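I have placed the structure first, in the form of structure tokens, so that the comments after it can refer back to it.
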Amino acid sequence: TALGTTQYLQKKYDVAKSNLLQAEKLAGANTSGAVLVDLATIYDKQGDKKQAAAYLRKMISRAKVTPEKSDDLYIPQWQNKIKALGEQP
């Protein structure tokens, strides 16, 4: 996860996406919010609005079921981003 995030910050989007997708695969339902948001951002930067919206929806779903409530504050922001991508939240 940290490697993928570092690569994302270095704008090495393809390799970062590969590592983050592997982290998601390994963690399954326990995938961290950072991985999901980074994947959404990478897909957006690469022009794949549909996948970007899908990962933001995953993040919203995750935020609603985890005991950590700080992510709940971002739900409206993610919903607005999905709309900006031309998708339905």
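Quick note on naming: the chains in the structure tokens go A, B, ... in the order shown, residues restart at 1 in each chain, and ligands are numbered from 1 in order of appearance.
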_Residue contacts of stretch 69-72 of chain A (8 Å, only C-alpha atoms) excluding same-chain residues fewer than 4 positions away, as a PyMOL selection string_ = chain A and resi 60+63-64
Can I get the selected residues back with all heavy atoms, as an mmCIF file, in the first residue's frame?
data_model
loop_
_atom_site.group_PDB
_atom_site.id
_atom_site.type_symbol
_atom_site.label_atom_id
_atom_site.label_comp_id
_atom_site.auth_asym_id
_atom_site.auth_seq_id
_atom_site.Cartn_x
_atom_site.Cartn_y
_atom_site.Cartn_z
ATOM 1 N N ILE A 60 -17.377 5.046 -0.483
ATOM 2 C CA ILE A 60 -18.596 5.447 0.229
ATOM 3 C C ILE A 60 -19.182 4.252 0.957
ATOM 4 O O ILE A 60 -19.544 4.349 2.141
ATOM 5 C CB ILE A 60 -19.617 6.071 -0.751
ATOM 6 C CG1 ILE A 60 -19.106 7.431 -1.238
ATOM 7 C CG2 ILE A 60 -20.984 6.215 -0.087
ATOM 8 C CD1 ILE A 60 -19.887 8.011 -2.409
ATOM 9 N N ALA A 63 -17.047 3.471 3.950
ATOM 10 C CA ALA A 63 -17.219 4.462 5.015
ATOM 11 C C ALA A 63 -18.493 4.217 5.815
ATOM 12 O O ALA A 63 -18.530 4.447 7.032
ATOM 13 C CB ALA A 63 -17.230 5.867 4.427
ATOM 14 N N LYS A 64 -19.520 3.723 5.144
ATOM 15 C CA LYS A 64 -20.798 3.509 5.824
ATOM 16 C C LYS A 64 -20.794 2.304 6.758
ATOM 17 O O LYS A 64 -21.611 2.244 7.666
ATOM 18 C CB LYS A 64 -21.918 3.357 4.789
ATOM 19 C CG LYS A 64 -22.250 4.659 4.087
ATOM 20 C CD LYS A 64 -23.351 4.475 3.073
ATOM 21 C CE LYS A 64 -23.730 5.800 2.415
ATOM 22 N NZ LYS A 64 -24.789 5.618 1.414
#
_Given only C-alpha atoms as the counted atoms, nearest of A:Leu20, A:Lys12, A:Ala27, A:Pro89 to A:Pro76_ =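 Residue with the minimum atom-to-atom distance to A:Pro76: A:Pro89.
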*For atom CA of A:Glu87 and atom CA of A:Lys17, determine how far apart the two atoms are, in Å to one decimal place.*
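Separating atom CA of A:Glu87 from atom CA of A:Lys17 is a distance of 21.4 Å.
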*Contacts of A:Ala53 at 8 Å or less, counting only C-alpha atoms, minus same-chain residues fewer than 4 places along, as a PyMOL selection string?*
chain A and resi 40+49+57+81-82+85+87+89
If you take only C-alpha atoms and a cut-off of 8 Å, which residues of stretch 17-83 of chain A touch stretch 4-11 of chain A, and what are their nearest atom pairs and distances in Å to one decimal, in chain and number order, as CSV?
residue,atom,partner,partner_atom,distance
A:Lys17,CA,A:Gly4,CA,6.9
A:Ser18,CA,A:Gly4,CA,7.9
A:Asn19,CA,A:Gly4,CA,5.2
A:Leu20,CA,A:Gly4,CA,5.3
A:Val35,CA,A:Thr5,CA,7.6
A:Asp38,CA,A:Thr5,CA,7.0
A:Ile42,CA,A:Tyr8,CA,7.5
Just N, CA, C and O atoms for this one: save the residues we selected as an mmCIF file, in the first residue's frame.
data_model
loop_
_atom_site.group_PDB
_atom_site.id
_atom_site.type_symbol
_atom_site.label_atom_id
_atom_site.label_comp_id
_atom_site.auth_asym_id
_atom_site.auth_seq_id
_atom_site.Cartn_x
_atom_site.Cartn_y
_atom_site.Cartn_z
ATOM 1 N N LYS A 17 -0.960 1.969 -9.940
ATOM 2 C CA LYS A 17 -2.260 1.295 -10.086
ATOM 3 C C LYS A 17 -2.090 -0.207 -9.933
ATOM 4 O O LYS A 17 -2.862 -0.856 -9.236
ATOM 5 N N SER A 18 -1.074 -0.755 -10.548
ATOM 6 C CA SER A 18 -0.819 -2.191 -10.456
ATOM 7 C C SER A 18 -0.603 -2.617 -9.005
ATOM 8 O O SER A 18 -1.183 -3.608 -8.531
ATOM 9 N N ASN A 19 0.217 -1.886 -8.283
ATOM 10 C CA ASN A 19 0.492 -2.225 -6.881
ATOM 11 C C ASN A 19 -0.734 -2.027 -5.996
ATOM 12 O O ASN A 19 -0.992 -2.828 -5.094
ATOM 13 N N LEU A 20 -1.495 -0.972 -6.244
ATOM 14 C CA LEU A 20 -2.692 -0.720 -5.440
ATOM 15 C C LEU A 20 -3.774 -1.761 -5.727
ATOM 16 O O LEU A 20 -4.477 -2.198 -4.801
ATOM 17 N N VAL A 35 -6.141 3.243 -0.285
ATOM 18 C CA VAL A 35 -5.986 2.483 -1.528
ATOM 19 C C VAL A 35 -7.138 2.802 -2.479
ATOM 20 O O VAL A 35 -6.930 3.068 -3.664
ATOM 21 N N ASP A 38 -6.878 6.442 -3.740
ATOM 22 C CA ASP A 38 -5.764 6.578 -4.687
ATOM 23 C C ASP A 38 -6.124 5.953 -6.028
ATOM 24 O O ASP A 38 -5.827 6.525 -7.084
ATOM 25 N N ILE A 42 -6.257 7.864 -9.596
ATOM 26 C CA ILE A 42 -5.456 7.415 -10.737
ATOM 27 C C ILE A 42 -6.354 7.189 -11.955
ATOM 28 O O ILE A 42 -6.043 7.654 -13.056
#
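Minimum atom-to-atom distances from A:Lys50, A:Gln77, A:Ala84, A:Asn30 to A:Val65 were compared using only C-alpha atoms, and the lowest value belongs to A:Asn30.
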*Nearest-residue call for A:Asp44, choices A:Leu3, A:Tyr13, A:Ile75, A:Thr31, using only C-alpha atoms*: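 That would be A:Tyr13, the residue with the smallest distance to A:Asp44.
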